[in-house]
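The structure appears right after this line, and notes come after that.
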Amino acid sequence: MQLPLPRLAASIGSLTALTLITGALYAPGVARADTVETLAATPIAEAEQMCTSGAPTFDDVVTAAASVLRGTVGPDQLVGYDQQVADFRASIAAVRVHRDGLPMRPELVGTRTAEIDDPIVTYLVNGLDAVRTGRIDETMSVSHLTVNDAIEVFVLATGIVKIPAKLAAGMVPTVGIFLKPVVSAMFNGTKALARAVQNSIDAGCVAPNVYPPLVLDEAVIEPVQVPPAAEALAAMVMAANGSCTPVAELTLATVVERSRAYLDSGAVQVDRVAMHETADALQSFLASNQVAKVMLMRRADDLGPLVEALDMGPVTFLANLGADLAEGQALQTVPLAQVKVENAFDLATLTLDITSLLFSAGTTVVGVTGVGAVVTTPLSIVQDLVFAPTDYGAPIMRGVMQSMCAV
């Protein structure tokens, strides 16, 4: 079907006119001084002040909610309403807590704690450092706690519950070895979700409100009763701040010299001449004797996410051996003096892990030979309980050593 010529000409003419007008609008040219700017093109002064980012405090949540409800209050009731809000804010502000008695974000405690992101490790490192510095006695108002602080309490609770949950899963006959990583992955997923929520809150804006900021007094000191053993331990370590060598990275030669200096200070009555002779002989032994470099294992998180997630001595050892073979370092040796505290700790846990595997193999053989599950199941339960400190305590101990320095 053909369009009538007059209609087609009119359509083409209209399209041509529209094209010319659009081109004129976007064509470059000299701006005129008397051109009226549109609202969209008007720059916003101090745009960065339009949004206050970061996690809202409890007081921010209260005032934001009160500000929304304030719009529904009649003009004759505003004074009484604002007084009620002020009284409520004051009552919440009067409640004080020991800040360092609560969990903190790992990046606020140290670089290594942020890399490990184990809530129990972070809590122990921050708590020990707070005891040493006296911060443990300082309190703060609940109003200044943030939403992220509340989430951090949940993350710590999740980390604590994870240990008995994995232990119980490991005791399930036959399939316990498969259930443990599944349970661990579930709790790790929960922690990852909580971290994502925290990051989202940090990137957002604090809800505006019509109430002035809350002005509070300085920190109040309320002494905390700390067990003597914890005080003694806290006096010997401090959170690693990048300017000191963490305990895990101290070499055996350094440990000998630190022990020599301690005994030489007069803290303990010893025969100093004999002590120095023994220390010199030990240093000479450490320097002249070699150990295979493959025994100085890398950290699990340096060997890949799978090795880090399993965190089993034999798996870490085999992954480390593979890395040494790939780099051509499997046959190299290093002096005992260069062995680090962390290396010695890893070898000790590796020995216990291998013992646990051999115990498992032994009970499996017994089961195959005809002994009923009534006998083998209690053995596997005893094994899980006996080696629980290695499975669950060793990673925490290692993380603390990597995150703290000796004073």
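Going through the structure tokens in order, the chains are called A, B, and so on, while each chain numbers its residues from 1 and the ligands are numbered from 1 in the order shown.
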Distance query Gly393 (chain A) at most 12 Å, only C-alpha atoms, self and fewer than 5 positions along chain excluded, as a VMD selection string:
chain A and resid 120 to 121 160 163 to 164 167 311 349 386 to 388 398 to 400
Counting only C-alpha atoms, what is within 10 Å of region 305-307 of chain A, bar same-chain residues fewer than 3 positions away, as a ChimeraX atom specification?
/A:299-302,310-313,315-320
Take the residues that were just selected and, keeping C-alpha atoms, output them as a PDB file, in the first residue's frame.
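Contents of the output file part-v6.pdb:
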ATOM      1  CA  ARG A 299      50.467 -19.945  56.759  1.00  0.00           C
ATOM      2  CA  ALA A 300      47.281 -21.680  55.668  1.00  0.00           C
ATOM      3  CA  ASP A 301      45.820 -18.438  54.268  1.00  0.00           C
ATOM      4  CA  ASP A 302      48.900 -18.091  52.018  1.00  0.00           C
ATOM      5  CA  LEU A 310      40.235 -26.909  56.216  1.00  0.00           C
ATOM      6  CA  ASP A 311      43.095 -25.719  58.473  1.00  0.00           C
ATOM      7  CA  MET A 312      44.358 -29.281  58.989  1.00  0.00           C
ATOM      8  CA  GLY A 313      48.030 -29.931  59.665  1.00  0.00           C
ATOM      9  CA  VAL A 315      46.688 -30.759  54.367  1.00  0.00           C
ATOM     10  CA  THR A 316      48.706 -27.614  55.102  1.00  0.00           C
ATOM     11  CA  PHE A 317      51.937 -29.646  55.051  1.00  0.00           C
ATOM     12  CA  LEU A 318      51.152 -31.258  51.683  1.00  0.00           C
ATOM     13  CA  ALA A 319      50.103 -27.911  50.180  1.00  0.00           C
ATOM     14  CA  ASN A 320      53.306 -26.347  51.480  1.00  0.00           C
TER      15      ASN A 320
END
At a cut-off of 8 Å, using only C-alpha atoms, what residues contact Ala406 (chain A)? Leave out same-chain residues fewer than 6 positions from it and give the result as number ranges by chain.
A: 236-238, 245-247
Contacts of Val68 (chain A) within 12 Å, only C-alpha atoms, excl. fewer than 4 positions in-chain, as a list in words
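With the cut-off at 12 Å, the set is Val61, Val62, Thr63, Ala64, Thr72, Val73, Ala207, Pro208, Asn209, Val210 and Tyr211 of chain A.
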Go ahead and dump the residues you just picked, C-alpha atoms, as a PDB file, in the first residue's frame.
ATOM      1  CA  VAL A  61      18.275   5.527  65.506  1.00  0.00           C
ATOM      2  CA  VAL A  62      16.233   7.027  68.343  1.00  0.00           C
ATOM      3  CA  THR A  63      16.294  10.585  66.990  1.00  0.00           C
ATOM      4  CA  ALA A  64      15.563   9.460  63.417  1.00  0.00           C
ATOM      5  CA  THR A  72       2.248  13.355  63.194  1.00  0.00           C
ATOM      6  CA  VAL A  73       2.188  15.343  66.430  1.00  0.00           C
ATOM      7  CA  ALA A 207      18.982   9.223  58.581  1.00  0.00           C
ATOM      8  CA  PRO A 208      18.496  12.979  59.178  1.00  0.00           C
ATOM      9  CA  ASN A 209      16.718  14.194  62.287  1.00  0.00           C
ATOM     10  CA  VAL A 210      15.560  17.458  63.786  1.00  0.00           C
ATOM     11  CA  TYR A 211      17.229  16.965  67.171  1.00  0.00           C
TER      12      TYR A 211
END
Sorted by chain and rising residue number, list the residues of region 250-305 of chain A at most 7 Å from region 329-338 of chain A (counting only C-alpha atoms), each with its closest atom pair and distance in Å to one decimal, as JSON lines.
{"residue": "A:Thr251", "atom": "CA", "partner": "A:Gln338", "partner_atom": "CA", "distance": 5.4}
{"residue": "A:Leu252", "atom": "CA", "partner": "A:Ala337", "partner_atom": "CA", "distance": 5.3}
{"residue": "A:Ala253", "atom": "CA", "partner": "A:Ala337", "partner_atom": "CA", "distance": 4.8}
{"residue": "A:Leu286", "atom": "CA", "partner": "A:Ala337", "partner_atom": "CA", "distance": 4.6}
{"residue": "A:Ala287", "atom": "CA", "partner": "A:Ala337", "partner_atom": "CA", "distance": 5.3}
{"residue": "A:Ser288", "atom": "CA", "partner": "A:Pro335", "partner_atom": "CA", "distance": 6.6}
{"residue": "A:Asn289", "atom": "CA", "partner": "A:Pro335", "partner_atom": "CA", "distance": 5.6}
{"residue": "A:Gln290", "atom": "CA", "partner": "A:Pro335", "partner_atom": "CA", "distance": 4.3}
{"residue": "A:Val291", "atom": "CA", "partner": "A:Thr333", "partner_atom": "CA", "distance": 5.3}
{"residue": "A:Ala292", "atom": "CA", "partner": "A:Thr333", "partner_atom": "CA", "distance": 4.4}
{"residue": "A:Lys293", "atom": "CA", "partner": "A:Thr333", "partner_atom": "CA", "distance": 4.9}
{"residue": "A:Val294", "atom": "CA", "partner": "A:Ala330", "partner_atom": "CA", "distance": 5.7}
Give me the residues near Asp100 (chain A) as a PDB file with N, CA and C atoms, in the first residue's frame, where near means some atom within 9 Å (using only C-alpha atoms) and where sequence neighbours in that chain fewer than 4 positions away do not count.
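So the final result, stored in around-v8.pdb, reads:
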ATOM      1  N   MET A 104      34.868  -5.966  68.829  1.00  0.00           N
ATOM      2  CA  MET A 104      35.140  -4.857  67.927  1.00  0.00           C
ATOM      3  C   MET A 104      35.398  -5.383  66.522  1.00  0.00           C
ATOM      4  N   TYR A 123      38.621 -10.694  69.719  1.00  0.00           N
ATOM      5  CA  TYR A 123      38.159 -10.387  71.082  1.00  0.00           C
ATOM      6  C   TYR A 123      39.286 -10.585  72.093  1.00  0.00           C
ATOM      7  N   ASN A 126      42.163  -7.803  71.525  1.00  0.00           N
ATOM      8  CA  ASN A 126      41.743  -6.487  72.009  1.00  0.00           C
ATOM      9  C   ASN A 126      41.599  -6.485  73.528  1.00  0.00           C
ATOM     10  N   GLY A 127      41.060  -7.587  74.089  1.00  0.00           N
ATOM     11  CA  GLY A 127      40.873  -7.645  75.535  1.00  0.00           C
ATOM     12  C   GLY A 127      42.186  -7.646  76.293  1.00  0.00           C
ATOM     13  N   ALA A 130      43.682  -4.255  76.105  1.00  0.00           N
ATOM     14  CA  ALA A 130      42.926  -3.314  76.938  1.00  0.00           C
ATOM     15  C   ALA A 130      43.288  -3.479  78.411  1.00  0.00           C
ATOM     16  N   VAL A 131      43.522  -4.709  78.847  1.00  0.00           N
ATOM     17  CA  VAL A 131      43.932  -4.939  80.233  1.00  0.00           C
ATOM     18  C   VAL A 131      45.315  -4.346  80.470  1.00  0.00           C
ATOM     19  N   ARG A 135      42.683   0.363  79.462  1.00  0.00           N
ATOM     20  CA  ARG A 135      41.458   0.763  78.773  1.00  0.00           C
ATOM     21  C   ARG A 135      40.266  -0.067  79.211  1.00  0.00           C
ATOM     22  N   ILE A 136      40.530  -1.225  79.769  1.00  0.00           N
ATOM     23  CA  ILE A 136      39.440  -2.120  80.148  1.00  0.00           C
ATOM     24  C   ILE A 136      38.529  -1.474  81.185  1.00  0.00           C
ATOM     25  N   ASP A 137      39.045  -0.491  81.937  1.00  0.00           N
ATOM     26  CA  ASP A 137      38.256   0.165  82.988  1.00  0.00           C
ATOM     27  C   ASP A 137      37.423   1.334  82.462  1.00  0.00           C
ATOM     28  N   GLU A 138      37.645   1.760  81.227  1.00  0.00           N
ATOM     29  CA  GLU A 138      36.912   2.906  80.675  1.00  0.00           C
ATOM     30  C   GLU A 138      35.527   2.480  80.196  1.00  0.00           C
ATOM     31  N   THR A 139      34.543   3.328  80.466  1.00  0.00           N
ATOM     32  CA  THR A 139      33.178   3.040  80.028  1.00  0.00           C
ATOM     33  C   THR A 139      32.724   4.087  79.022  1.00  0.00           C
TER      34      THR A 139
END
DSSP-assigned strand (DSSP E) among region 197-286 of chain A, expressed as a list in words:
Val220, Ile221, Val237, Met238 and Ala239 of chain A
